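Structure file target-v1.pdb (PDB, C-alpha atoms and all ligand atoms) is printed below.
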ATOM      1  CA  MET A   1      15.501  12.418  26.386
ATOM      2  CA  THR A   2      11.790  12.179  25.596
ATOM      3  CA  LYS A   3      11.063   8.859  23.950
ATOM      4  CA  PHE A   4       8.462   7.809  21.456
ATOM      5  CA  SER A   5       6.943   4.454  20.658
ATOM      6  CA  TYR A   6       6.472   3.843  16.981
ATOM      7  CA  ALA A   7       7.775   0.290  16.867
ATOM      8  CA  GLU A   8       6.539  -0.479  13.361
ATOM      9  CA  GLN A   9       8.144   2.622  11.851
ATOM     10  CA  LEU A  10      11.369   2.126  13.811
ATOM     11  CA  ASP A  11      11.621  -1.409  12.399
ATOM     12  CA  ASP A  12      11.134  -0.001   8.896
ATOM     13  CA  PHE A  13      13.942   2.560   9.464
ATOM     14  CA  LYS A  14      16.196  -0.109  10.937
ATOM     15  CA  SER A  15      15.810  -2.772   8.269
ATOM     16  CA  THR A  16      15.936  -0.278   5.385
ATOM     17  CA  ALA A  17      19.079   1.355   6.803
ATOM     18  CA  TYR A  18      20.641  -2.074   7.215
ATOM     19  CA  TRP A  19      20.068  -2.877   3.550
ATOM     20  CA  LEU A  20      21.151   0.584   2.341
ATOM     21  CA  SER A  21      24.383   0.078   4.202
ATOM     22  CA  LYS A  22      24.862  -3.526   3.075
ATOM     23  CA  ARG A  23      24.412  -2.485  -0.545
ATOM     24  CA  GLY A  24      26.889   0.379  -0.117
ATOM     25  CA  TRP A  25      24.292   2.916  -1.192
ATOM     26  CA  SER A  26      24.573   5.224   1.850
ATOM     27  CA  GLU A  27      28.250   5.878   2.537
ATOM     28  CA  ALA A  28      29.348   7.703   5.711
ATOM     29  CA  ALA A  29      26.394   9.895   6.779
ATOM     30  CA  GLY A  30      25.019  10.057   3.240
ATOM     31  CA  GLY A  31      21.293   9.749   2.732
ATOM     32  CA  ASN A  32      18.325  10.262   5.009
ATOM     33  CA  MET A  33      14.797   8.899   5.541
ATOM     34  CA  SER A  34      11.461  10.001   6.900
ATOM     35  CA  ILE A  35       7.984   8.610   7.572
ATOM     36  CA  ARG A  36       4.846  10.723   7.838
ATOM     37  CA  LEU A  37       2.608   9.531  10.635
ATOM     38  CA  ASP A  38      -1.017   8.685  10.013
ATOM     39  CA  ALA A  39      -3.743  11.233  10.734
ATOM     40  CA  GLN A  40      -3.380  13.784  13.489
ATOM     41  CA  ASN A  41      -2.003  12.018  16.489
ATOM     42  CA  THR A  42      -3.708  13.434  19.520
ATOM     43  CA  THR A  43      -1.352  11.631  21.873
ATOM     44  CA  LEU A  44       1.471  13.911  20.717
ATOM     45  CA  ALA A  45       2.351  16.807  22.968
ATOM     46  CA  LYS A  46       1.071  20.147  21.739
ATOM     47  CA  LEU A  47       3.730  22.354  20.210
ATOM     48  CA  HIS A  48       4.699  25.296  22.407
ATOM     49  CA  GLU A  49       4.815  28.559  20.482
ATOM     50  CA  ASP A  50       8.325  29.114  21.884
ATOM     51  CA  ASP A  51       9.466  25.925  20.173
ATOM     52  CA  HIS A  52       8.066  26.929  16.799
ATOM     53  CA  ILE A  53      10.561  27.069  13.940
ATOM     54  CA  LYS A  54       9.293  28.940  10.910
ATOM     55  CA  LEU A  55       9.217  26.942   7.688
ATOM     56  CA  PRO A  56      10.528  28.633   4.505
ATOM     57  CA  VAL A  57       7.283  27.683   2.730
ATOM     58  CA  ALA A  58       3.956  26.673   4.196
ATOM     59  CA  VAL A  59       3.043  22.976   4.172
ATOM     60  CA  PRO A  60      -0.745  23.183   4.574
ATOM     61  CA  TYR A  61      -1.345  19.479   3.906
ATOM     62  CA  LEU A  62       0.865  18.613   6.878
ATOM     63  CA  ALA A  63      -0.922  20.906   9.341
ATOM     64  CA  GLY A  64      -1.130  19.180  12.710
ATOM     65  CA  LYS A  65       0.659  16.081  11.414
ATOM     66  CA  ALA A  66       3.973  14.579  12.509
ATOM     67  CA  VAL A  67       7.061  13.244  10.748
ATOM     68  CA  LEU A  68       9.806  10.883  11.902
ATOM     69  CA  LEU A  69      13.132  11.949  10.322
ATOM     70  CA  THR A  70      16.714  10.702  10.550
ATOM     71  CA  GLY A  71      19.154  13.009  12.319
ATOM     72  CA  SER A  72      21.994  14.983  10.765
ATOM     73  CA  GLY A  73      25.244  13.025  10.591
ATOM     74  CA  THR A  74      23.547   9.720  11.352
ATOM     75  CA  ARG A  75      24.936   6.685   9.535
ATOM     76  CA  ALA A  76      22.865   4.008   7.808
ATOM     77  CA  ARG A  77      25.241   1.356   9.131
ATOM     78  CA  GLU A  78      24.442   2.461  12.698
ATOM     79  CA  ILE A  79      20.700   3.041  12.177
ATOM     80  CA  GLY A  80      20.645  -0.510  10.831
ATOM     81  CA  MET A  81      21.850  -1.773  14.230
ATOM     82  CA  ASN A  82      19.665   0.420  16.470
ATOM     83  CA  ALA A  83      17.364   3.002  14.923
ATOM     84  CA  GLU A  84      15.918   4.824  17.925
ATOM     85  CA  PRO A  85      18.777   7.201  18.884
ATOM     86  CA  HIS A  86      19.017   8.412  15.294
ATOM     87  CA  ILE A  87      15.381   9.293  14.589
ATOM     88  CA  GLY A  88      13.629  12.503  15.630
ATOM     89  CA  LEU A  89       9.897  13.186  15.873
ATOM     90  CA  TYR A  90       8.722  16.564  14.545
ATOM     91  CA  LYS A  91       5.259  18.072  14.558
ATOM     92  CA  ILE A  92       3.893  20.634  12.131
ATOM     93  CA  SER A  93       1.825  23.436  13.648
ATOM     94  CA  ASP A  94      -1.893  23.708  12.986
ATOM     95  CA  ASP A  95      -1.323  26.651  10.626
ATOM     96  CA  GLY A  96       1.150  24.582   8.513
ATOM     97  CA  ARG A  97       3.785  27.338   8.727
ATOM     98  CA  HIS A  98       5.945  26.132  11.609
ATOM     99  CA  TYR A  99       7.335  22.917  12.968
ATOM    100  CA  GLY A 100       8.845  21.858  16.245
ATOM    101  CA  TRP A 101      10.829  19.015  17.717
ATOM    102  CA  ILE A 102       8.838  16.648  19.901
ATOM    103  CA  ALA A 103      11.053  13.702  20.836
ATOM    104  CA  GLY A 104      14.086  11.569  20.011
ATOM    105  CA  ASN A 105      17.087  12.870  18.033
ATOM    106  CA  HIS A 106      16.756  16.645  17.797
ATOM    107  CA  ASN A 107      19.359  17.527  15.160
ATOM    108  CA  PRO A 108      17.446  16.905  11.905
ATOM    109  CA  SER A 109      18.886  15.959   8.527
ATOM    110  CA  MET A 110      19.892  18.882   6.316
ATOM    111  CA  GLU A 111      17.263  17.656   3.859
ATOM    112  CA  LEU A 112      14.415  18.505   6.260
ATOM    113  CA  PRO A 113      13.061  21.226   3.890
ATOM    114  CA  ALA A 114      13.026  18.702   1.017
ATOM    115  CA  HIS A 115      11.347  16.003   3.123
ATOM    116  CA  PHE A 116       8.651  18.394   4.390
ATOM    117  CA  ALA A 117       7.964  19.843   0.912
ATOM    118  CA  ILE A 118       7.695  16.322  -0.527
ATOM    119  CA  HIS A 119       5.473  15.021   2.291
ATOM    120  CA  ASN A 120       3.215  18.012   1.688
ATOM    121  CA  ALA A 121       2.889  17.090  -2.016
ATOM    122  CA  LEU A 122       2.420  13.389  -1.241
ATOM    123  CA  GLU A 123      -0.308  14.097   1.297
ATOM    124  CA  GLN A 124      -2.107  16.077  -1.400
ATOM    125  CA  HIS A 125      -1.587  13.753  -4.379
ATOM    126  CA  ARG A 126      -0.661  10.264  -3.107
ATOM    127  CA  PRO A 127      -1.559  10.124   0.597
ATOM    128  CA  GLU A 128      -0.841   6.391   0.764
ATOM    129  CA  ASP A 129       2.865   7.083   0.200
ATOM    130  CA  LYS A 130       4.112   7.904   3.677
ATOM    131  CA  ALA A 131       7.820   7.134   3.374
ATOM    132  CA  ILE A 132      10.688   9.065   1.759
ATOM    133  CA  LEU A 133      14.159   7.690   1.290
ATOM    134  CA  HIS A 134      17.221   9.509  -0.048
ATOM    135  CA  THR A 135      20.456   7.683  -0.840
ATOM    136  CA  HIS A 136      23.594   7.762  -3.036
ATOM    137  CA  PRO A 137      23.883   4.597  -5.229
ATOM    138  CA  ALA A 138      26.999   4.813  -7.423
ATOM    139  CA  SER A 139      25.438   3.270 -10.543
ATOM    140  CA  LEU A 140      22.641   5.870 -10.502
ATOM    141  CA  ILE A 141      24.915   8.854  -9.846
ATOM    142  CA  ALA A 142      27.135   7.618 -12.682
ATOM    143  CA  LEU A 143      24.184   7.883 -15.096
ATOM    144  CA  CYS A 144      24.250  11.677 -14.601
ATOM    145  CA  HIS A 145      27.690  11.772 -16.264
ATOM    146  CA  VAL A 146      26.520  10.185 -19.507
ATOM    147  CA  PRO A 147      26.172  12.889 -22.192
ATOM    148  CA  GLY A 148      22.481  13.526 -22.845
ATOM    149  CA  PHE A 149      21.283  11.824 -19.650
ATOM    150  CA  ASP A 150      20.046  15.108 -18.255
ATOM    151  CA  ASN A 151      16.291  14.700 -18.299
ATOM    152  CA  SER A 152      13.562  12.383 -17.105
ATOM    153  CA  LYS A 153      12.511  11.059 -20.511
ATOM    154  CA  THR A 154      15.955  10.065 -21.821
ATOM    155  CA  ILE A 155      16.985   8.313 -18.615
ATOM    156  CA  SER A 156      13.611   6.563 -18.214
ATOM    157  CA  ASP A 157      13.560   5.375 -21.832
ATOM    158  CA  LYS A 158      17.197   4.216 -21.961
ATOM    159  CA  ILE A 159      17.458   2.569 -18.550
ATOM    160  CA  LEU A 160      13.977   1.172 -17.883
ATOM    161  CA  SER A 161      13.943  -0.583 -21.261
ATOM    162  CA  LEU A 162      16.809  -2.934 -20.389
ATOM    163  CA  GLN A 163      14.826  -5.401 -18.279
ATOM    164  CA  SER A 164      11.334  -6.715 -18.931
ATOM    165  CA  GLU A 165       9.711  -5.745 -15.632
ATOM    166  CA  ALA A 166      11.425  -2.444 -14.849
ATOM    167  CA  ARG A 167       8.923  -0.267 -16.711
ATOM    168  CA  LEU A 168       6.099  -2.355 -15.278
ATOM    169  CA  ILE A 169       7.173  -1.412 -11.755
ATOM    170  CA  LEU A 170       7.908   2.192 -12.797
ATOM    171  CA  PRO A 171       5.483   2.815 -15.704
ATOM    172  CA  GLU A 172       5.682   6.594 -15.310
ATOM    173  CA  GLY A 173       9.479   6.467 -15.475
ATOM    174  CA  ILE A 174      11.735   8.374 -13.095
ATOM    175  CA  GLY A 175      11.774  12.095 -12.375
ATOM    176  CA  PHE A 176      14.910  14.196 -12.713
ATOM    177  CA  VAL A 177      16.034  17.376 -10.913
ATOM    178  CA  GLU A 178      19.079  19.282 -12.149
ATOM    179  CA  HIS A 179      21.892  19.826  -9.687
ATOM    180  CA  GLU A 180      20.866  21.976  -6.717
ATOM    181  CA  LEU A 181      22.548  22.771  -3.445
ATOM    182  CA  PRO A 182      22.130  19.779  -1.088
ATOM    183  CA  GLY A 183      19.650  20.614   1.642
ATOM    184  CA  SER A 184      18.212  23.579  -0.258
ATOM    185  CA  LEU A 185      14.564  24.500  -0.449
ATOM    186  CA  GLU A 186      14.823  24.598  -4.277
ATOM    187  CA  LEU A 187      15.838  20.937  -4.284
ATOM    188  CA  GLY A 188      12.843  20.143  -2.098
ATOM    189  CA  LEU A 189      10.340  22.123  -4.147
ATOM    190  CA  LYS A 190      11.531  20.756  -7.499
ATOM    191  CA  SER A 191      11.471  17.219  -6.112
ATOM    192  CA  ALA A 192       7.969  17.723  -4.718
ATOM    193  CA  GLU A 193       6.831  18.782  -8.178
ATOM    194  CA  ALA A 194       8.482  15.779  -9.878
ATOM    195  CA  LEU A 195       7.055  13.385  -7.298
ATOM    196  CA  VAL A 196       3.474  14.267  -8.117
ATOM    197  CA  ARG A 197       3.968  12.013 -11.148
ATOM    198  CA  HIS A 198       6.966   9.844 -10.269
ATOM    199  CA  HIS A 199       7.828   7.550  -7.364
ATOM    200  CA  LEU A 200      11.566   8.083  -7.896
ATOM    201  CA  VAL A 201      13.510  11.270  -8.587
ATOM    202  CA  LEU A 202      17.162  11.312  -9.592
ATOM    203  CA  TRP A 203      19.039  14.289  -8.125
ATOM    204  CA  GLN A 204      21.685  15.127 -10.710
ATOM    205  CA  TYR A 205      25.255  14.312  -9.553
ATOM    206  CA  HIS A 206      23.887  13.610  -6.054
ATOM    207  CA  GLY A 207      21.631  10.570  -5.615
ATOM    208  CA  LEU A 208      18.097   9.281  -5.575
ATOM    209  CA  LEU A 209      14.883  10.200  -3.804
ATOM    210  CA  ALA A 210      12.382   7.346  -3.486
ATOM    211  CA  THR A 211       8.854   7.286  -2.072
ATOM    212  CA  GLY A 212       6.572   4.452  -1.039
ATOM    213  CA  GLU A 213       3.916   3.331   1.410
ATOM    214  CA  THR A 214       6.784   2.221   3.634
ATOM    215  CA  LEU A 215      10.562   2.667   3.482
ATOM    216  CA  ALA A 216      10.803  -0.976   2.400
ATOM    217  CA  GLY A 217       8.413  -0.184  -0.465
ATOM    218  CA  ALA A 218      10.482   2.851  -1.497
ATOM    219  CA  PHE A 219      13.586   0.626  -1.338
ATOM    220  CA  ASP A 220      11.890  -1.866  -3.719
ATOM    221  CA  LYS A 221      11.545   0.812  -6.402
ATOM    222  CA  LEU A 222      15.083   2.036  -5.844
ATOM    223  CA  GLU A 223      16.290  -1.572  -6.260
ATOM    224  CA  VAL A 224      14.442  -1.962  -9.572
ATOM    225  CA  PHE A 225      15.983   1.238 -11.002
ATOM    226  CA  GLU A 226      19.414   0.345  -9.675
ATOM    227  CA  LYS A 227      19.211  -3.159 -11.197
ATOM    228  CA  SER A 228      18.478  -1.708 -14.630
ATOM    229  CA  ALA A 229      21.296   0.829 -14.261
ATOM    230  CA  GLY A 230      23.564  -2.090 -13.324
ATOM    231  CA  VAL A 231      22.608  -3.863 -16.571
ATOM    232  CA  TYR A 232      23.400  -0.653 -18.454
ATOM    233  CA  TRP A 233      26.884  -0.406 -16.892
ATOM    234  CA  LYS A 234      27.631  -4.107 -17.475
ATOM    235  CA  LEU A 235      26.847  -3.669 -21.163
ATOM    236  CA  ARG A 236      28.871  -0.474 -21.421
ATOM    237  CA  ALA A 237      31.819  -2.105 -19.610
ATOM    238  CA  ALA A 238      31.692  -4.908 -22.182
ATOM    239  CA  GLY A 239      31.802  -2.304 -24.942
ATOM    240  CA  ILE A 240      28.215  -3.016 -25.987
ATOM    241  CA  ASP A 241      25.847  -0.221 -26.902
ATOM    242  CA  PRO A 242      22.539  -1.411 -25.378
ATOM    243  CA  VAL A 243      19.898  -2.542 -27.892
ATOM    244  CA  ASP A 244      16.983  -2.285 -25.424
ATOM    245  CA  ILE A 245      13.544  -3.866 -25.490
ATOM    246  CA  GLY A 246      11.708  -1.514 -27.820
ATOM    247  CA  LYS A 247       8.631   0.617 -27.240
ATOM    248  CA  ALA A 248       6.131  -1.775 -28.849
ATOM    249  CA  GLU A 249       7.111  -4.610 -26.513
ATOM    250  CA  ILE A 250       7.142  -2.356 -23.466
ATOM    251  CA  LYS A 251       3.633  -1.218 -24.353
ATOM    252  CA  GLU A 252       2.556  -4.847 -24.748
ATOM    253  CA  VAL A 253       3.823  -5.667 -21.242
ATOM    254  CA  LEU A 254       2.134  -2.587 -19.744
ATOM    255  CA  THR A 255      -1.113  -3.332 -21.569
ATOM    256  CA  ALA A 256      -1.124  -6.941 -20.329
ATOM    257  CA  PHE A 257      -0.824  -5.695 -16.740
ATOM    258  CA  GLY A 258      -3.243  -2.751 -17.134
ATOM    259  CA  ARG A 259      -0.630  -0.052 -16.622
ATOM    260  CA  LEU A 260      -0.382   1.529 -20.054
ATOM    261  CA  ASP A 261      -2.243   4.633 -18.883
ATOM    262  CA  ARG A 262       0.678   5.498 -16.566
ATOM    263  CA  TYR A 263       3.251   5.276 -19.376
ATOM    264  CA  SER A 264       4.302   8.389 -21.270
ATOM    265  CA  SER A 265       6.339   7.470 -24.324
TER
HETATM  266  O1  LIG B   1      24.404  13.756   4.098
HETATM  267  O2  LIG B   1      22.769  12.853   1.779
HETATM  268  O3  LIG B   1      21.794  15.080   0.861
HETATM  269  C1  LIG B   1      23.063  13.581   3.970
HETATM  270  C2  LIG B   1      22.691  13.773   2.571
HETATM  271  C3  LIG B   1      22.236  15.090   2.165
HETATM  272 ZN    ZN B   2      22.474  13.258  -0.258
END
I'd like the structure from this file rewritten - as structure tokens, please.
Ligand code: 2HA
Ligand code: ZN
Amino acid sequence: MTKFSYAEQLDDFKSTAYWLSKRGWSEAAGGNMSIRLDAQNTTLAKLHEDDHIKLPVAVPYLAGKAVLLTGSGTRAREIGMNAEPHIGLYKISDDGRHYGWIAGNHNPSMELPAHFAIHNALEQHRPEDKAILHTHPASLIALCHVPGFDNSKTISDKILSLQSEARLILPEGIGFVEHELPGSLELGLKSAEALVRHHLVLWQYHGLLATGETLAGAFDKLEVFEKSAGVYWKLRAAGIDPVDIGKAEIKEVLTAFGRLDRYSS
């Protein structure tokens, strides 16, 4: 099998997968991850036309770029031990309408259309965010079953107001996409739209999509949201209806740290 040598990215996949597994957030083969590689990498083999796979929508911002993506059926608990056999390297054609496999694992995650659509949006709007992580944390999925928790604003306001620093880390709140078929293009396109503004998107009844400069950075944001959701469930389990911090105090915190402009109340 053709090999590739992206040691830094492989370490990021490995340690993030280890922690996803340790936290019980990626059961069985649930979840997937990808990293967009910097600039056009001229050392990558040119894509043969015969190996071109047509993309359902063009990804012009990814033209000529490459993405490392976890393989279908790969398990976080195994990636966390040895990442390399589980990661594939894909290149997008110069016209941004096709992609092809270059090296490594060549059976990509079913969420490839979502990852490519999101990388395309990130490259356009937040090029520093090169990593995408999808996982299934129980406390976040459970939020989708609370009556009324079916939109970005309600979930952001109720959950990110339970701990002083949560809204500071996620001032724009979290995005929300209603239930869509896993692996579908619709899921990818709606997520790409939500991610223009948000770093996290909750997929209703499914799981979370997180972005960051690295997978570890995406994991940080996921951890912050999950911590607040954990506080919510602890209170609910104790029969307490959360009081929450209150908008005025949240605004005070965001103002003190210069982040009020990213907050939409
Ligand atoms: O099984 O989580 O959403 C991988 C997934 C697809
Ligand atoms: Zn999933």
*Pick out the residues no farther than 9 Å from ligand ZN 2 (chain B), counting only C-alpha atoms and all ligand atoms, and list them as number ranges by chain.*
A: 26, 29-32, 111, 134-136, 182-183, 203, 206-209
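In terms of minimum interatomic distance to A:Leu254, A:Pro171 ranks closest within A:Pro56, A:Gly239, A:Pro171, A:Pro147, counting all atoms listed in the file.
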Env of stretch 150-163 of chain A: 10 Å cut, atoms = all atoms listed in the file, seq-sep filter 5 positions within chain, self excluded. Answer as a short mmCIF file (atom, residue, chain, number, x, y, z; two decimals) with C-alpha atoms, keeping the file's coordinate frame.
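Output file selection.cif is given in full below:
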data_model
loop_
_atom_site.label_atom_id
_atom_site.label_comp_id
_atom_site.auth_asym_id
_atom_site.auth_seq_id
_atom_site.Cartn_x
_atom_site.Cartn_y
_atom_site.Cartn_z
CA LEU A 143 24.18 7.88 -15.10
CA CYS A 144 24.25 11.68 -14.60
CA HIS A 145 27.69 11.77 -16.26
CA LEU A 168 6.10 -2.36 -15.28
CA ILE A 169 7.17 -1.41 -11.76
CA LEU A 170 7.91 2.19 -12.80
CA PRO A 171 5.48 2.82 -15.70
CA GLU A 172 5.68 6.59 -15.31
CA GLY A 173 9.48 6.47 -15.48
CA ILE A 174 11.74 8.37 -13.10
CA GLY A 175 11.77 12.10 -12.38
CA PHE A 176 14.91 14.20 -12.71
CA VAL A 177 16.03 17.38 -10.91
CA GLU A 178 19.08 19.28 -12.15
CA HIS A 179 21.89 19.83 -9.69
CA ALA A 194 8.48 15.78 -9.88
CA HIS A 198 6.97 9.84 -10.27
CA VAL A 201 13.51 11.27 -8.59
CA LEU A 202 17.16 11.31 -9.59
CA GLN A 204 21.68 15.13 -10.71
CA VAL A 224 14.44 -1.96 -9.57
CA PHE A 225 15.98 1.24 -11.00
CA GLU A 226 19.41 0.34 -9.68
CA LYS A 227 19.21 -3.16 -11.20
CA SER A 228 18.48 -1.71 -14.63
CA ALA A 229 21.30 0.83 -14.26
CA GLY A 230 23.56 -2.09 -13.32
CA VAL A 231 22.61 -3.86 -16.57
CA TYR A 232 23.40 -0.65 -18.45
CA PRO A 242 22.54 -1.41 -25.38
CA VAL A 243 19.90 -2.54 -27.89
CA ASP A 244 16.98 -2.28 -25.42
CA ILE A 245 13.54 -3.87 -25.49
CA GLY A 246 11.71 -1.51 -27.82
CA LYS A 247 8.63 0.62 -27.24
CA GLU A 249 7.11 -4.61 -26.51
CA ILE A 250 7.14 -2.36 -23.47
CA SER A 264 4.30 8.39 -21.27
CA SER A 265 6.34 7.47 -24.32
#
*asked:* Given the PyMOL selection byres (((chain A and resi 79) around 10) and not hetatm) and the file above, list the residues it selects as a VMD selection string.
replied: chain A and resid 10 13 to 18 21 70 74 to 78 80 to 87
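Of the listed residues (A:Ser72, A:Glu165, A:Tyr263, A:Ile118), A:Ser72 comes nearest to A:Ala28; the distances count only C-alpha atoms.
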*Just how far from atom CA of A:Glu49 is atom CA of A:Gly104, in Å to one decimal?*
19.4 Å
_as an MDAnalysis selection string, please: the residues near A:Leu122 (cut-off 9 Å, only C-alpha atoms, same-chain neighbours under 3 positions excluded)._
chainID A and resid 61 117:119 125:130 192 195:196 211
*Taking all atoms listed in the file into account, which of A:Trp233, A:Tyr205, A:Tyr99, A:Phe219 comes nearest ligand LIG 1 (chain B)?*
A:Tyr205
_Please report the interatomic distance between atom CA of A:Ala138 and atom CA of A:Leu69 in Å with one decimal._
23.6 Å
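Applied to this file, the PyMOL selection byres (((chain A and resi 91) around 7) and not hetatm) selects Gly64, Lys65, Ala66, Val67, Leu89, Tyr90, Ile92, Ser93, Tyr99, Gly100, Trp101 and Ile102 of chain A.
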*If you measure from atom C3 of ligand LIG 1 (chain B) to atom CA of A:Met110, what distance in Å do you get, rounded to one decimal?*
6.1 Å
Around all of stretch 166-183 of chain A's listed atoms, make the axis-aligned box with 3 Å on each side and tell me centre and edge lengths in Å to one decimal, as lines of an AutoDock Vina configuration file.
center_x = 14.0
center_y = 10.2
center_z = -7.5
size_x = 23.1
size_y = 31.2
size_z = 24.4
*Would you please work out which residue, of A:Lys22, A:His98, A:His106, A:His115, is nearest to ligand LIG 1 (chain B) when using all atoms listed in the file?*
A:His115
_Here's the selection I'm unsure about, the PyMOL selection byres (((chain A and resi 58) around 10) and not hetatm); applied to the file above, which residues does it give, as a ChimeraX atom specification?_
/A:54-57,59-63,92,95-98,116-117,120
*Using only C-alpha atoms and all ligand atoms, pick whichever of A:Glu252, A:Asp38, A:Glu193, A:Glu27 has the shortest atom-to-atom distance to ligand LIG 1 (chain B).*
A:Glu27
*Which one is closest to ligand LIG 1 (chain B): A:Phe257, A:Phe4, A:Trp25, A:Phe149? Count all atoms listed in the file.*
A:Trp25
